[in-house]
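Asker: Coordinates in structure_28.txt, compact mmCIF, N, CA and C atoms, are listed below.
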# COMPACT_ATOMS: atom_id res chain seq x y z
N MET B 975 -18.20 20.24 -3.75
CA MET B 975 -18.27 19.65 -2.44
C MET B 975 -17.56 20.58 -1.46
N LYS B 976 -18.22 20.89 -0.34
CA LYS B 976 -17.61 21.73 0.69
C LYS B 976 -17.28 20.86 1.90
N LEU B 977 -16.02 20.91 2.30
CA LEU B 977 -15.54 20.05 3.37
C LEU B 977 -15.57 20.71 4.75
N GLY B 978 -15.83 21.99 4.82
CA GLY B 978 -15.87 22.68 6.10
C GLY B 978 -14.52 23.24 6.48
N ALA B 979 -14.41 23.63 7.74
CA ALA B 979 -13.18 24.25 8.25
C ALA B 979 -11.99 23.31 8.06
N PHE B 980 -10.84 23.89 7.71
CA PHE B 980 -9.62 23.11 7.51
C PHE B 980 -8.62 23.40 8.61
N SER B 981 -7.97 22.36 9.07
CA SER B 981 -6.84 22.51 9.98
C SER B 981 -5.86 21.38 9.71
N ILE B 982 -4.67 21.57 10.19
CA ILE B 982 -3.70 20.47 10.16
C ILE B 982 -3.53 20.01 11.60
N SER B 983 -3.56 18.71 11.78
CA SER B 983 -3.37 18.12 13.11
C SER B 983 -1.97 17.54 13.16
N LEU B 984 -1.13 18.12 14.01
CA LEU B 984 0.27 17.72 14.08
C LEU B 984 0.52 16.78 15.25
N ALA B 985 1.22 15.70 14.98
CA ALA B 985 1.68 14.80 16.03
C ALA B 985 2.96 15.41 16.60
N VAL B 986 2.88 15.97 17.80
CA VAL B 986 4.03 16.67 18.38
C VAL B 986 4.68 15.85 19.48
N LYS B 987 5.97 16.08 19.68
CA LYS B 987 6.72 15.37 20.72
C LYS B 987 6.53 15.99 22.08
N ASP B 988 6.46 17.33 22.15
CA ASP B 988 6.32 18.03 23.42
C ASP B 988 5.31 19.17 23.23
N LEU B 989 4.14 19.01 23.80
CA LEU B 989 3.05 19.96 23.60
C LEU B 989 3.45 21.38 23.99
N ASN B 990 4.13 21.53 25.12
CA ASN B 990 4.50 22.87 25.57
C ASN B 990 5.53 23.54 24.67
N VAL B 991 6.49 22.78 24.18
CA VAL B 991 7.49 23.33 23.26
C VAL B 991 6.81 23.76 21.96
N SER B 992 5.91 22.91 21.44
CA SER B 992 5.21 23.24 20.20
C SER B 992 4.28 24.44 20.40
N LYS B 993 3.61 24.51 21.52
CA LYS B 993 2.73 25.64 21.83
C LYS B 993 3.54 26.94 21.80
N ALA B 994 4.67 26.94 22.48
CA ALA B 994 5.52 28.14 22.52
C ALA B 994 5.99 28.53 21.11
N PHE B 995 6.36 27.53 20.31
CA PHE B 995 6.80 27.81 18.95
C PHE B 995 5.70 28.47 18.13
N TYR B 996 4.50 27.90 18.17
CA TYR B 996 3.40 28.46 17.37
C TYR B 996 2.94 29.81 17.91
N GLU B 997 3.09 30.05 19.20
CA GLU B 997 2.81 31.38 19.75
C GLU B 997 3.79 32.40 19.18
N THR B 998 5.04 32.00 18.98
CA THR B 998 6.04 32.87 18.36
C THR B 998 5.64 33.23 16.93
N LEU B 999 4.93 32.33 16.26
CA LEU B 999 4.45 32.58 14.90
C LEU B 999 3.14 33.37 14.89
N GLY B 1000 2.66 33.77 16.05
CA GLY B 1000 1.44 34.58 16.12
C GLY B 1000 0.17 33.80 16.40
N PHE B 1001 0.27 32.51 16.67
CA PHE B 1001 -0.90 31.70 17.01
C PHE B 1001 -1.21 31.85 18.50
N SER B 1002 -2.47 31.66 18.85
CA SER B 1002 -2.86 31.62 20.26
C SER B 1002 -3.78 30.42 20.47
N VAL B 1003 -3.89 29.99 21.71
CA VAL B 1003 -4.73 28.84 22.02
C VAL B 1003 -6.18 29.21 21.75
N PHE B 1004 -6.84 28.39 20.96
CA PHE B 1004 -8.24 28.59 20.58
C PHE B 1004 -9.14 27.59 21.28
N ALA B 1005 -8.66 26.36 21.44
CA ALA B 1005 -9.45 25.29 22.04
C ALA B 1005 -8.50 24.19 22.49
N GLY B 1006 -9.07 23.17 23.10
CA GLY B 1006 -8.28 22.03 23.53
C GLY B 1006 -8.03 22.04 25.02
N GLN B 1007 -7.32 21.01 25.47
CA GLN B 1007 -7.00 20.86 26.88
C GLN B 1007 -5.58 20.33 27.01
N ALA B 1008 -4.70 21.16 27.52
CA ALA B 1008 -3.30 20.76 27.66
C ALA B 1008 -3.16 19.52 28.55
N ASP B 1009 -4.00 19.42 29.59
CA ASP B 1009 -3.93 18.25 30.48
C ASP B 1009 -4.38 16.96 29.79
N LYS B 1010 -5.01 17.09 28.63
CA LYS B 1010 -5.40 15.93 27.83
C LYS B 1010 -4.52 15.81 26.59
N ASN B 1011 -3.41 16.56 26.57
CA ASN B 1011 -2.37 16.48 25.54
C ASN B 1011 -2.77 16.98 24.16
N TYR B 1012 -3.69 17.95 24.10
CA TYR B 1012 -3.96 18.55 22.80
C TYR B 1012 -4.40 20.00 22.95
N LEU B 1013 -4.01 20.81 21.97
CA LEU B 1013 -4.41 22.20 21.89
C LEU B 1013 -4.70 22.53 20.43
N ILE B 1014 -5.67 23.40 20.21
CA ILE B 1014 -5.93 23.93 18.88
C ILE B 1014 -5.47 25.38 18.89
N MET B 1015 -4.55 25.71 18.01
CA MET B 1015 -3.97 27.04 17.93
C MET B 1015 -4.56 27.75 16.71
N LYS B 1016 -4.77 29.07 16.85
CA LYS B 1016 -5.41 29.84 15.77
C LYS B 1016 -4.63 31.12 15.50
N ASN B 1017 -4.50 31.44 14.23
CA ASN B 1017 -3.92 32.70 13.77
C ASN B 1017 -4.77 33.14 12.59
N GLY B 1018 -5.64 34.14 12.80
CA GLY B 1018 -6.57 34.53 11.74
C GLY B 1018 -7.49 33.37 11.42
N ASN B 1019 -7.53 32.97 10.15
CA ASN B 1019 -8.35 31.83 9.73
C ASN B 1019 -7.58 30.52 9.74
N SER B 1020 -6.31 30.56 10.14
CA SER B 1020 -5.47 29.36 10.13
C SER B 1020 -5.56 28.63 11.46
N LEU B 1021 -5.74 27.31 11.38
CA LEU B 1021 -5.84 26.46 12.56
C LEU B 1021 -4.78 25.37 12.51
N VAL B 1022 -4.11 25.17 13.64
CA VAL B 1022 -3.14 24.10 13.78
C VAL B 1022 -3.46 23.37 15.08
N GLY B 1023 -3.73 22.07 14.95
CA GLY B 1023 -3.95 21.25 16.13
C GLY B 1023 -2.64 20.62 16.56
N LEU B 1024 -2.35 20.68 17.85
CA LEU B 1024 -1.14 20.06 18.41
C LEU B 1024 -1.58 18.89 19.27
N PHE B 1025 -1.12 17.69 18.94
CA PHE B 1025 -1.56 16.48 19.61
C PHE B 1025 -0.34 15.67 20.04
N GLN B 1026 -0.15 15.54 21.34
CA GLN B 1026 1.00 14.79 21.86
C GLN B 1026 0.56 13.38 22.25
N GLY B 1027 1.17 12.38 21.59
CA GLY B 1027 0.93 10.99 21.94
C GLY B 1027 -0.40 10.43 21.49
N MET B 1028 -1.10 11.10 20.60
CA MET B 1028 -2.42 10.63 20.17
C MET B 1028 -2.38 9.87 18.85
N PHE B 1029 -1.47 10.22 17.97
CA PHE B 1029 -1.32 9.52 16.70
C PHE B 1029 0.11 9.69 16.21
N ASP B 1030 0.50 8.86 15.25
CA ASP B 1030 1.89 8.81 14.81
C ASP B 1030 2.27 9.84 13.75
N ASN B 1031 1.32 10.20 12.89
CA ASN B 1031 1.63 11.07 11.76
C ASN B 1031 0.71 12.29 11.74
N ASN B 1032 1.10 13.29 11.00
CA ASN B 1032 0.27 14.48 10.83
C ASN B 1032 -0.97 14.13 10.01
N ILE B 1033 -2.05 14.87 10.24
CA ILE B 1033 -3.33 14.58 9.58
C ILE B 1033 -3.92 15.89 9.06
N LEU B 1034 -4.41 15.87 7.83
CA LEU B 1034 -5.19 16.99 7.31
C LEU B 1034 -6.62 16.79 7.82
N THR B 1035 -7.20 17.81 8.42
CA THR B 1035 -8.53 17.67 9.03
C THR B 1035 -9.50 18.68 8.43
N PHE B 1036 -10.69 18.19 8.11
CA PHE B 1036 -11.79 19.03 7.65
C PHE B 1036 -12.99 18.79 8.55
N ASN B 1037 -13.71 19.86 8.88
CA ASN B 1037 -14.86 19.76 9.77
C ASN B 1037 -16.13 20.26 9.09
N PRO B 1038 -16.87 19.35 8.41
CA PRO B 1038 -18.14 19.76 7.83
C PRO B 1038 -19.07 20.31 8.93
N GLY B 1039 -19.77 21.38 8.60
CA GLY B 1039 -20.71 21.96 9.56
C GLY B 1039 -20.13 23.04 10.43
N TRP B 1040 -18.82 23.27 10.34
CA TRP B 1040 -18.16 24.30 11.14
C TRP B 1040 -17.45 25.29 10.25
N ASP B 1041 -17.40 26.56 10.72
CA ASP B 1041 -16.49 27.50 10.11
C ASP B 1041 -15.19 27.47 10.91
N GLU B 1042 -14.23 28.32 10.56
CA GLU B 1042 -12.92 28.27 11.23
C GLU B 1042 -12.95 28.74 12.68
N ASN B 1043 -14.12 29.21 13.15
CA ASN B 1043 -14.27 29.59 14.57
C ASN B 1043 -15.07 28.56 15.35
N ALA B 1044 -15.29 27.39 14.75
CA ALA B 1044 -16.07 26.30 15.33
C ALA B 1044 -17.52 26.70 15.54
N ASN B 1045 -18.00 27.64 14.71
CA ASN B 1045 -19.41 28.00 14.73
C ASN B 1045 -20.15 27.10 13.75
N LYS B 1046 -21.32 26.64 14.15
CA LYS B 1046 -22.12 25.77 13.29
C LYS B 1046 -22.61 26.56 12.08
N LEU B 1047 -22.44 25.97 10.91
CA LEU B 1047 -22.93 26.58 9.68
C LEU B 1047 -24.42 26.27 9.51
N GLU B 1048 -25.15 27.20 8.93
CA GLU B 1048 -26.57 27.01 8.72
C GLU B 1048 -26.84 25.84 7.78
N THR B 1049 -26.08 25.78 6.69
CA THR B 1049 -26.19 24.66 5.76
C THR B 1049 -24.79 24.11 5.51
N PHE B 1050 -24.71 22.83 5.35
CA PHE B 1050 -23.43 22.19 5.08
C PHE B 1050 -23.67 20.80 4.50
N GLU B 1051 -22.64 20.26 3.88
CA GLU B 1051 -22.71 18.91 3.33
C GLU B 1051 -22.37 17.92 4.43
N ASP B 1052 -23.27 17.01 4.69
CA ASP B 1052 -23.08 16.02 5.75
C ASP B 1052 -21.92 15.08 5.42
N VAL B 1053 -21.22 14.66 6.46
CA VAL B 1053 -20.06 13.78 6.31
C VAL B 1053 -20.42 12.51 5.53
N ARG B 1054 -21.64 12.01 5.70
CA ARG B 1054 -22.05 10.78 5.01
C ARG B 1054 -22.21 11.02 3.50
N SER B 1055 -22.64 12.21 3.13
CA SER B 1055 -22.75 12.58 1.72
C SER B 1055 -21.37 12.67 1.08
N ILE B 1056 -20.43 13.25 1.81
CA ILE B 1056 -19.04 13.34 1.32
C ILE B 1056 -18.46 11.93 1.17
N GLN B 1057 -18.73 11.09 2.17
CA GLN B 1057 -18.25 9.71 2.13
C GLN B 1057 -18.81 8.97 0.91
N LYS B 1058 -20.11 9.14 0.65
CA LYS B 1058 -20.73 8.48 -0.50
C LYS B 1058 -20.07 8.93 -1.80
N HIS B 1059 -19.83 10.24 -1.93
CA HIS B 1059 -19.17 10.76 -3.13
C HIS B 1059 -17.80 10.11 -3.33
N LEU B 1060 -17.03 9.99 -2.26
CA LEU B 1060 -15.70 9.38 -2.37
C LEU B 1060 -15.80 7.90 -2.69
N LYS B 1061 -16.75 7.21 -2.08
CA LYS B 1061 -16.96 5.78 -2.39
C LYS B 1061 -17.33 5.61 -3.86
N ASP B 1062 -18.23 6.49 -4.35
CA ASP B 1062 -18.64 6.42 -5.76
C ASP B 1062 -17.46 6.64 -6.70
N ASN B 1063 -16.40 7.28 -6.19
CA ASN B 1063 -15.20 7.53 -6.98
C ASN B 1063 -14.05 6.59 -6.61
N ASN B 1064 -14.40 5.49 -5.96
CA ASN B 1064 -13.46 4.40 -5.65
C ASN B 1064 -12.30 4.80 -4.76
N VAL B 1065 -12.52 5.76 -3.87
CA VAL B 1065 -11.50 6.14 -2.91
C VAL B 1065 -11.54 5.11 -1.78
N PRO B 1066 -10.40 4.48 -1.45
CA PRO B 1066 -10.39 3.51 -0.35
C PRO B 1066 -10.42 4.22 1.01
N PHE B 1067 -11.04 3.60 1.98
CA PHE B 1067 -11.22 4.17 3.31
C PHE B 1067 -10.39 3.42 4.35
N VAL B 1068 -9.86 4.19 5.31
CA VAL B 1068 -9.20 3.61 6.48
C VAL B 1068 -10.26 3.33 7.53
N THR B 1069 -11.14 4.31 7.77
CA THR B 1069 -12.30 4.15 8.64
C THR B 1069 -13.49 4.78 7.93
N GLU B 1070 -14.70 4.39 8.32
CA GLU B 1070 -15.90 4.91 7.69
C GLU B 1070 -16.88 5.40 8.73
N ALA B 1071 -17.70 6.38 8.32
CA ALA B 1071 -18.82 6.84 9.13
C ALA B 1071 -19.97 5.85 8.97
N ASP B 1072 -20.73 5.64 10.02
CA ASP B 1072 -21.91 4.78 9.96
C ASP B 1072 -23.00 5.53 9.20
N GLU B 1073 -23.35 5.03 8.04
CA GLU B 1073 -24.30 5.71 7.17
C GLU B 1073 -25.74 5.62 7.68
N SER B 1074 -25.99 4.80 8.68
CA SER B 1074 -27.34 4.68 9.22
C SER B 1074 -27.62 5.69 10.33
N THR B 1075 -26.63 6.53 10.64
CA THR B 1075 -26.77 7.50 11.72
C THR B 1075 -26.87 8.91 11.14
N SER B 1076 -27.09 9.86 12.03
CA SER B 1076 -27.04 11.27 11.67
C SER B 1076 -26.26 12.00 12.75
N GLY B 1077 -25.90 13.24 12.48
CA GLY B 1077 -25.15 14.02 13.46
C GLY B 1077 -23.67 13.74 13.38
N PRO B 1078 -22.96 13.88 14.52
CA PRO B 1078 -21.51 13.72 14.52
C PRO B 1078 -21.05 12.36 13.99
N ALA B 1079 -20.02 12.41 13.17
CA ALA B 1079 -19.42 11.19 12.60
C ALA B 1079 -18.13 11.59 11.90
N SER B 1080 -17.33 10.59 11.57
CA SER B 1080 -16.08 10.88 10.88
C SER B 1080 -15.63 9.69 10.05
N PHE B 1081 -14.71 9.97 9.14
CA PHE B 1081 -14.04 8.92 8.39
C PHE B 1081 -12.64 9.38 8.04
N VAL B 1082 -11.80 8.41 7.66
CA VAL B 1082 -10.42 8.71 7.28
C VAL B 1082 -10.13 8.05 5.94
N VAL B 1083 -9.50 8.82 5.06
CA VAL B 1083 -8.98 8.31 3.78
C VAL B 1083 -7.51 8.71 3.71
N LEU B 1084 -6.79 8.07 2.81
CA LEU B 1084 -5.39 8.43 2.56
C LEU B 1084 -5.27 9.02 1.17
N ASP B 1085 -4.47 10.07 1.03
CA ASP B 1085 -4.22 10.60 -0.31
C ASP B 1085 -3.22 9.67 -1.01
N PRO B 1086 -2.93 9.90 -2.28
CA PRO B 1086 -2.04 8.99 -3.02
C PRO B 1086 -0.64 8.83 -2.41
N ASP B 1087 -0.23 9.78 -1.57
CA ASP B 1087 1.09 9.69 -0.94
C ASP B 1087 1.04 9.15 0.49
N GLY B 1088 -0.14 8.69 0.91
CA GLY B 1088 -0.27 8.10 2.24
C GLY B 1088 -0.58 9.09 3.35
N ASN B 1089 -0.86 10.35 3.01
CA ASN B 1089 -1.23 11.33 4.03
C ASN B 1089 -2.67 11.11 4.46
N ALA B 1090 -2.89 11.06 5.76
CA ALA B 1090 -4.24 10.84 6.28
C ALA B 1090 -5.07 12.11 6.17
N ILE B 1091 -6.32 11.93 5.76
CA ILE B 1091 -7.29 13.02 5.70
C ILE B 1091 -8.48 12.60 6.55
N LEU B 1092 -8.71 13.37 7.61
CA LEU B 1092 -9.82 13.12 8.52
C LEU B 1092 -10.96 14.07 8.20
N ILE B 1093 -12.12 13.53 7.91
CA ILE B 1093 -13.34 14.33 7.75
C ILE B 1093 -14.13 14.10 9.03
N ASP B 1094 -14.19 15.11 9.86
CA ASP B 1094 -14.68 14.97 11.24
C ASP B 1094 -15.80 15.96 11.51
N GLN B 1095 -17.03 15.49 11.48
CA GLN B 1095 -18.20 16.33 11.68
C GLN B 1095 -18.61 16.28 13.16
N HIS B 1096 -18.70 17.44 13.79
CA HIS B 1096 -19.04 17.54 15.21
C HIS B 1096 -20.50 17.90 15.46
N VAL B 1097 -21.24 18.23 14.41
CA VAL B 1097 -22.64 18.67 14.59
C VAL B 1097 -23.59 17.73 13.88
Starting from the file, give its structure as structure tokens.
Answerer:
Amino acid sequence: MKLGAFSISLAVKDLNVSKAFYETLGFSVFAGQADKNYLIMKNGNSLVGLFQGMFDNNILTFNPGWDENANKLETFEDVRSIQKHLKDNNVPFVTEADESTSGPASFVVLDPDGNAILIDQHV
């Protein structure tokens, strides 16, 4: 199963302070809107999302259909197929993608330690 591009989405207290810190580590702004309280920072193939006031905890994020540059992949496993595989393996869901739709959709599961995993398809 291929989950697509990986990033970590961090719940930050101060977007500007976090941005400056990650810039010190060699990251630069790749996407996002500071006026909407989020930025996506990139260093090589590594992506870190900074989100101020949007959620309480850090989230592991996978984007089916995208590579690490947010380019659409020619072929990819649809989020609904990934969801079905997890359901077939009795993984409990926090939120689910509507299986009657196509295109963009997402779902959230928790790992055994309570870490949120967001599977977020934009294409």
Asker: Give me, please, the distance in Å between atom C of Asn1063 in chain B and CA of Gly1088 in chain B, quoted to one decimal.
Answerer: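 Spanning atom C of Asn1063 in chain B to CA of Gly1088 in chain B is a straight-line distance of 16.4 Å.
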Asker: Calculated over only C-alpha atoms, which of the candidates B:Glu1073, B:Glu997, B:Asp1087, B:Asp1030 has the smallest distance to Ala985 in chain B?
Answerer: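 Of the candidates, the smallest distance to Ala985 in chain B is held by B:Asp1030.
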Asker: Would you please extract all alpha helix (DSSP H) residues from chain B, as assigned by DSSP on the backbone, and give them as a list in words?
Answerer: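 The alpha helix (DSSP H) residues within chain B come out as Leu989, Asn990, Val991, Ser992, Lys993, Ala994, Phe995, Tyr996, Glu997, Thr998, Val1053, Arg1054, Ser1055, Ile1056, Gln1057, Lys1058, His1059, Leu1060, Lys1061 and Asp1062 of chain B.
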Asker: Which residue, B:Lys1058, B:Pro1066, B:Ile1093, B:Pro1038, has the smallest gap to Lys976 in chain B when you use only C-alpha atoms?
Answerer: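 Closest to Lys976 in chain B of all the choices is B:Pro1038.
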Asker: What separation in Å, quoted to one decimal, exists between CA of Leu1047 in chain B and CA of Lys1061 in chain B?
Answerer: 24.8 Å
Asker: Near range 993-996 of chain B, within 8 Å and counting all atoms listed in the file, which residues show up once chain neighbours fewer than 6 positions away are dropped, as an NGL selection string?
Answerer: :B and (1002-1003 or 1013 or 1015-1016 or 1024)
Asker: Considering only C-alpha atoms, can you say which of B:Asn1031, B:Thr1069, B:Asn1064, B:Ser1055 comes closest to Ser983 in chain B?
Answerer: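 For Ser983 in chain B, the nearest of the given residues is B:Asn1031.
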Asker: The residues within 5 Å of (-2.8, 17.0, 11.5), using all atoms listed in the file and the coordinates of the file, should be reported as a PDB file with N, CA and C atoms, keeping the file's coordinate frame; which are they?
Answerer:
ATOM      1  N   ILE B 982      -4.670  21.570  10.190  1.00  0.00           N
ATOM      2  CA  ILE B 982      -3.700  20.470  10.160  1.00  0.00           C
ATOM      3  C   ILE B 982      -3.530  20.010  11.600  1.00  0.00           C
ATOM      4  N   SER B 983      -3.560  18.710  11.780  1.00  0.00           N
ATOM      5  CA  SER B 983      -3.370  18.120  13.110  1.00  0.00           C
ATOM      6  C   SER B 983      -1.970  17.540  13.160  1.00  0.00           C
ATOM      7  N   LEU B 984      -1.130  18.120  14.010  1.00  0.00           N
ATOM      8  CA  LEU B 984       0.270  17.720  14.080  1.00  0.00           C
ATOM      9  C   LEU B 984       0.520  16.780  15.250  1.00  0.00           C
ATOM     10  N   ASN B1032       1.100  13.290  11.000  1.00  0.00           N
ATOM     11  CA  ASN B1032       0.270  14.480  10.830  1.00  0.00           C
ATOM     12  C   ASN B1032      -0.970  14.130  10.010  1.00  0.00           C
ATOM     13  N   ILE B1033      -2.050  14.870  10.240  1.00  0.00           N
ATOM     14  CA  ILE B1033      -3.330  14.580   9.580  1.00  0.00           C
ATOM     15  C   ILE B1033      -3.920  15.890   9.060  1.00  0.00           C
ATOM     16  N   LEU B1034      -4.410  15.870   7.830  1.00  0.00           N
ATOM     17  CA  LEU B1034      -5.190  16.990   7.310  1.00  0.00           C
ATOM     18  C   LEU B1034      -6.620  16.790   7.820  1.00  0.00           C
TER      19      LEU B1034
END
Asker: What is the distance, in Å and to one decimal place, between CA of His1096 in chain B and CA of Val1082 in chain B?
Answerer: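 Answer for the CA of His1096 in chain B to CA of Val1082 in chain B separation: 14.7 Å.
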Asker: For Ala1044 in chain B, which of B:Ile1091, B:Val1068, B:Ala1005, B:Val1022 is the closest residue, counting only C-alpha atoms?
Answerer: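 The answer is B:Ala1005, which sits nearest to Ala1044 in chain B.
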Asker: Which residue out of B:Val1097, B:Gly978, B:Thr1049, B:Pro1078 has the minimum interatomic distance to Asn1037 in chain B when all atoms listed in the file are used?
Answerer: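 The closest residue to Asn1037 in chain B is B:Gly978.
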Asker: Between B:Gly1077, B:Val986, B:Leu1092, B:Gln1007, which is the closest to Phe1050 in chain B once you count only C-alpha atoms?
Answerer: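 Looking only at the distances to Phe1050 in chain B, the closest residue turns out to be B:Gly1077.
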